[in-house]
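Undergrad: Before I ask anything, let me first share the structure, which is written out below as structure tokens.
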Amino acid sequence: MRLYNWKKMYKLRNICIVFIAVLIAACGGKKSAQPEALQNASDTRDTATTKTVLFFGDSLTAGYGLDDPSQAFPGVVQNKIDSAKLHYKVINAGVSGETSAGGKGRIAWILKQRVDVFVLELGANDGLRGIPVSETVQNLQAIVDSVKTKYPNAKLMMLGMQVPPNMGNVYADSFKEIFPDLVKKNKMAFVPFLLKGVGGEVSLNQHDGIHPTAEGAKIVGDNVWQVLKKIL
């Protein structure tokens with residue numbers, strides 16, 4: 001990301017603060033044993049003809065701090081799917097505080113749910129904890145491999161993240177490359193930066209400065225939808 005004036009430098013500083021705060025909250029927040037929003041898909045849909053889009057991620061996916069889990073960006077995507085009259089239901093399998101290792105550990109349970117489209121949003125907590133990039137890559141690839149094995153016809157999508165420069169330029173650059181490299185290797189659809197237009201924007205984040213507000217989640221959902229709609 002190139003910055004050429006003080007306003008952009010200020011925004012980058014805010015983004016750094018947000019990412020650091022996310023780590024603190026992820027470590028200290030309550031972590032669900034199972035993703036509560038896994039039950040959010042509407043029971044009124046015809047399960048015989050409706051396909052599933054499963055979002056697998058951390059607190060950003062889970063909708064931490066929002067009044068209703070449906071306000072999280074996967075819920076925003078469901079509304080867009082419904083408006084487009086597409087026969088898909090969204091399954092929100094986000095867990096606050098999740099790392100790539102944690103995701104690897106619970107993916108087998110999650111895949112008991114049929115998956116037609118798998119959207120992966122993990123890795124940010126790894127980066128903020130300084131976990132070696134090689135470990136994150138191995139864990140994320142293992143998750144993808146599990147999906148491929150269980151549902152070989154499922155479409156795959158990756159939601160990219162970044163870490164702030166104070167993690168060190170070498171580490172930050174290596175971390176950023178995790179996502180496009182996995183996307184290329186596994187032929188996945190790709191959103192390069194999930195929080196584009198929201199990270200560092202005070203008015204679009206909750207009072208904790210960590211997670212998007214409902215309004216911010218709408219923008220995040222649109223970031224995802226612009227890519228997802230092309231593969232549905």
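Chain labels follow the order of the structure tokens: the first chain is A, the next B, and so on; residue numbering restarts at 1 in every chain, and ligands are counted from 1 in their shown order.
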List the spatial neighbours of His87 (chain A) as a ChimeraX atom specification - criterion: any atom at most 8 Å away, only C-alpha atoms, same-chain residues fewer than 3 positions off excluded.
TA: /A:49-51,81-82
Undergrad: Give the strand (DSSP E or B) residues of region 78-122 of chain A, as DSSP finds them on the backbone, and put them as a PDB file with N, CA and C atoms, in the first residue's frame.
TA:
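Output below, filename out.pdb:
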ATOM      1  N   TYR A  88     -29.395 -19.966  -2.592  1.00  0.00           N
ATOM      2  CA  TYR A  88     -28.284 -20.275  -1.692  1.00  0.00           C
ATOM      3  C   TYR A  88     -28.642 -19.810  -0.294  1.00  0.00           C
ATOM      4  N   LYS A  89     -28.225 -20.582   0.706  1.00  0.00           N
ATOM      5  CA  LYS A  89     -28.332 -20.134   2.092  1.00  0.00           C
ATOM      6  C   LYS A  89     -26.924 -19.973   2.650  1.00  0.00           C
ATOM      7  N   VAL A  90     -26.732 -18.946   3.463  1.00  0.00           N
ATOM      8  CA  VAL A  90     -25.444 -18.658   4.075  1.00  0.00           C
ATOM      9  C   VAL A  90     -25.355 -19.338   5.436  1.00  0.00           C
ATOM     10  N   ILE A  91     -24.233 -20.001   5.688  1.00  0.00           N
ATOM     11  CA  ILE A  91     -23.937 -20.578   6.988  1.00  0.00           C
ATOM     12  C   ILE A  91     -22.759 -19.798   7.571  1.00  0.00           C
ATOM     13  N   ASN A  92     -22.965 -19.172   8.728  1.00  0.00           N
ATOM     14  CA  ASN A  92     -21.917 -18.398   9.378  1.00  0.00           C
ATOM     15  C   ASN A  92     -21.205 -19.281  10.387  1.00  0.00           C
ATOM     16  N   ALA A  93     -19.998 -19.716  10.056  1.00  0.00           N
ATOM     17  CA  ALA A  93     -19.202 -20.569  10.943  1.00  0.00           C
ATOM     18  C   ALA A  93     -18.016 -19.787  11.482  1.00  0.00           C
ATOM     19  N   GLY A  94     -18.274 -18.546  11.910  1.00  0.00           N
ATOM     20  CA  GLY A  94     -17.229 -17.721  12.491  1.00  0.00           C
ATOM     21  C   GLY A  94     -17.153 -17.900  14.002  1.00  0.00           C
ATOM     22  N   VAL A 117     -20.219 -23.744  -1.564  1.00  0.00           N
ATOM     23  CA  VAL A 117     -19.254 -22.655  -1.714  1.00  0.00           C
ATOM     24  C   VAL A 117     -18.614 -22.444  -0.349  1.00  0.00           C
ATOM     25  N   PHE A 118     -17.284 -22.496  -0.299  1.00  0.00           N
ATOM     26  CA  PHE A 118     -16.548 -22.357   0.959  1.00  0.00           C
ATOM     27  C   PHE A 118     -15.751 -21.062   0.931  1.00  0.00           C
ATOM     28  N   VAL A 119     -16.033 -20.183   1.901  1.00  0.00           N
ATOM     29  CA  VAL A 119     -15.359 -18.881   1.969  1.00  0.00           C
ATOM     30  C   VAL A 119     -14.486 -18.849   3.217  1.00  0.00           C
ATOM     31  N   LEU A 120     -13.175 -18.692   3.029  1.00  0.00           N
ATOM     32  CA  LEU A 120     -12.206 -18.779   4.128  1.00  0.00           C
ATOM     33  C   LEU A 120     -11.727 -17.391   4.554  1.00  0.00           C
ATOM     34  N   GLU A 121     -11.941 -17.071   5.840  1.00  0.00           N
ATOM     35  CA  GLU A 121     -11.505 -15.800   6.418  1.00  0.00           C
ATOM     36  C   GLU A 121     -10.777 -16.082   7.718  1.00  0.00           C
TER      37      GLU A 121
END
Undergrad: Restricting the calculation to only C-alpha atoms: of A:Lys218, A:Arg114, A:Lys229, A:Lys184, which residue gets closest to Ser70 (chain A)?
TA: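 The shortest atom-to-atom distance to Ser70 (chain A) comes from A:Lys218.
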Undergrad: Name the closest residue to Gly102 (chain A) among the candidates A:Val115, A:Ile143, A:Ile178, A:Ala84; distances are taken between atoms, counting only C-alpha atoms.
TA: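 That would be A:Ile143, the residue with the smallest distance to Gly102 (chain A).
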Undergrad: Considering only C-alpha atoms, can you say which of A:Ile219, A:Ile231, A:Val183, A:Ile210 comes closest to Gly65 (chain A)?
TA: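 Going through A:Ile219, A:Ile231, A:Val183, A:Ile210 one by one, the smallest distance to Gly65 (chain A) is for A:Ile210.
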Undergrad: State, in Å with one decimal place, the distance from CA of Asn186 (chain A) to CA of Lys112 (chain A).
TA: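 Interatomic distance, CA of Asn186 (chain A) to CA of Lys112 (chain A): 21.8 Å.
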Undergrad: Within 10 Å of Ala217 (chain A), counting only C-alpha atoms, which residues qualify if same-chain residues fewer than 6 places away don't, as number ranges by chain?
TA: A: 60-61, 63, 66, 71-77, 195, 198, 204-205, 211, 223
Undergrad: Could you please take those selected residues and save all heavy atoms as a compact mmCIF listing (two decimals), in the first residue's frame?
TA:
# COMPACT_ATOMS: atom_id res chain seq x y z
N LEU A 60 -14.59 -11.36 12.84
CA LEU A 60 -15.13 -10.53 11.76
C LEU A 60 -16.28 -11.24 11.06
O LEU A 60 -17.28 -10.64 10.69
CB LEU A 60 -14.03 -10.18 10.75
CG LEU A 60 -12.92 -9.30 11.29
CD1 LEU A 60 -11.80 -9.17 10.26
CD2 LEU A 60 -13.44 -7.92 11.68
N THR A 61 -16.13 -12.55 10.89
CA THR A 61 -17.20 -13.36 10.31
C THR A 61 -18.34 -13.55 11.30
O THR A 61 -19.52 -13.45 10.94
CB THR A 61 -16.64 -14.73 9.87
OG1 THR A 61 -15.72 -14.54 8.79
CG2 THR A 61 -17.75 -15.66 9.41
N GLY A 63 -19.37 -11.67 13.64
CA GLY A 63 -20.15 -10.48 13.94
C GLY A 63 -20.05 -10.06 15.39
O GLY A 63 -21.02 -9.60 15.99
N LEU A 66 -22.06 -7.05 17.51
CA LEU A 66 -23.26 -6.58 16.84
C LEU A 66 -24.51 -7.05 17.60
O LEU A 66 -24.48 -8.06 18.29
CB LEU A 66 -23.30 -7.07 15.39
CG LEU A 66 -22.17 -6.56 14.49
CD1 LEU A 66 -22.27 -7.19 13.11
CD2 LEU A 66 -22.21 -5.04 14.39
N GLN A 71 -26.41 -9.26 11.33
CA GLN A 71 -25.85 -7.99 10.89
C GLN A 71 -24.40 -8.14 10.44
O GLN A 71 -23.86 -7.23 9.81
CB GLN A 71 -25.92 -6.96 12.01
CG GLN A 71 -27.33 -6.54 12.39
CD GLN A 71 -27.35 -5.56 13.54
OE1 GLN A 71 -26.66 -5.73 14.54
NE2 GLN A 71 -28.15 -4.50 13.41
N ALA A 72 -23.76 -9.26 10.76
CA ALA A 72 -22.39 -9.50 10.31
C ALA A 72 -22.37 -9.62 8.80
O ALA A 72 -23.39 -9.87 8.15
CB ALA A 72 -21.85 -10.78 10.95
N PHE A 73 -21.19 -9.47 8.20
CA PHE A 73 -21.14 -9.42 6.74
C PHE A 73 -21.68 -10.67 6.05
O PHE A 73 -22.25 -10.55 4.95
CB PHE A 73 -19.73 -9.07 6.25
CG PHE A 73 -18.72 -10.18 6.29
CD1 PHE A 73 -18.64 -11.11 5.25
CD2 PHE A 73 -17.82 -10.28 7.33
CE1 PHE A 73 -17.71 -12.13 5.27
CE2 PHE A 73 -16.86 -11.29 7.36
CZ PHE A 73 -16.81 -12.22 6.33
N PRO A 74 -21.60 -11.89 6.64
CA PRO A 74 -22.26 -13.01 5.97
C PRO A 74 -23.77 -12.82 5.87
O PRO A 74 -24.41 -13.23 4.90
CB PRO A 74 -21.90 -14.21 6.85
CG PRO A 74 -20.60 -13.82 7.48
CD PRO A 74 -20.77 -12.36 7.77
N GLY A 75 -24.38 -12.19 6.90
CA GLY A 75 -25.80 -11.89 6.84
C GLY A 75 -26.12 -10.87 5.77
O GLY A 75 -27.17 -10.96 5.10
N VAL A 76 -25.22 -9.90 5.60
CA VAL A 76 -25.38 -8.92 4.53
C VAL A 76 -25.36 -9.62 3.18
O VAL A 76 -26.16 -9.31 2.28
CB VAL A 76 -24.25 -7.86 4.59
CG1 VAL A 76 -24.32 -6.92 3.40
CG2 VAL A 76 -24.34 -7.07 5.90
N VAL A 77 -24.46 -10.58 3.04
CA VAL A 77 -24.37 -11.34 1.79
C VAL A 77 -25.64 -12.14 1.56
O VAL A 77 -26.14 -12.22 0.43
CB VAL A 77 -23.13 -12.27 1.82
CG1 VAL A 77 -23.16 -13.23 0.63
CG2 VAL A 77 -21.85 -11.45 1.80
N LEU A 195 -11.34 -5.73 4.71
CA LEU A 195 -11.77 -4.51 5.39
C LEU A 195 -11.57 -3.25 4.56
O LEU A 195 -11.54 -2.14 5.11
CB LEU A 195 -11.05 -4.37 6.73
CG LEU A 195 -11.32 -5.47 7.75
CD1 LEU A 195 -10.51 -5.24 9.01
CD2 LEU A 195 -12.80 -5.55 8.08
N VAL A 198 -13.25 0.19 5.34
CA VAL A 198 -13.76 0.15 6.71
C VAL A 198 -12.64 0.25 7.75
O VAL A 198 -12.76 0.98 8.73
CB VAL A 198 -14.58 -1.14 6.96
CG1 VAL A 198 -15.04 -1.23 8.40
CG2 VAL A 198 -15.77 -1.19 6.01
N LEU A 204 -17.18 3.82 11.14
CA LEU A 204 -17.65 2.52 10.65
C LEU A 204 -17.25 1.37 11.56
O LEU A 204 -17.49 0.21 11.23
CB LEU A 204 -17.12 2.27 9.24
CG LEU A 204 -17.62 3.24 8.17
CD1 LEU A 204 -16.90 2.99 6.85
CD2 LEU A 204 -19.12 3.14 8.00
N ASN A 205 -16.65 1.73 12.71
CA ASN A 205 -16.25 0.71 13.67
C ASN A 205 -16.91 0.95 15.01
O ASN A 205 -17.32 2.07 15.34
CB ASN A 205 -14.73 0.69 13.82
CG ASN A 205 -14.04 0.10 12.61
OD1 ASN A 205 -13.93 -1.11 12.49
ND2 ASN A 205 -13.59 0.94 11.69
N HIS A 211 -14.12 -3.84 15.78
CA HIS A 211 -14.99 -4.53 14.83
C HIS A 211 -15.92 -3.56 14.11
O HIS A 211 -16.33 -2.55 14.70
CB HIS A 211 -15.82 -5.59 15.56
CG HIS A 211 -14.98 -6.61 16.25
ND1 HIS A 211 -14.56 -6.47 17.55
CD2 HIS A 211 -14.48 -7.78 15.81
CE1 HIS A 211 -13.83 -7.51 17.89
NE2 HIS A 211 -13.76 -8.33 16.85
N ASN A 223 -17.95 -5.76 -0.25
CA ASN A 223 -16.64 -6.16 -0.75
C ASN A 223 -16.65 -7.64 -1.15
O ASN A 223 -16.09 -8.03 -2.18
CB ASN A 223 -15.57 -5.94 0.33
CG ASN A 223 -15.30 -4.48 0.62
OD1 ASN A 223 -15.63 -3.59 -0.17
ND2 ASN A 223 -14.70 -4.22 1.77
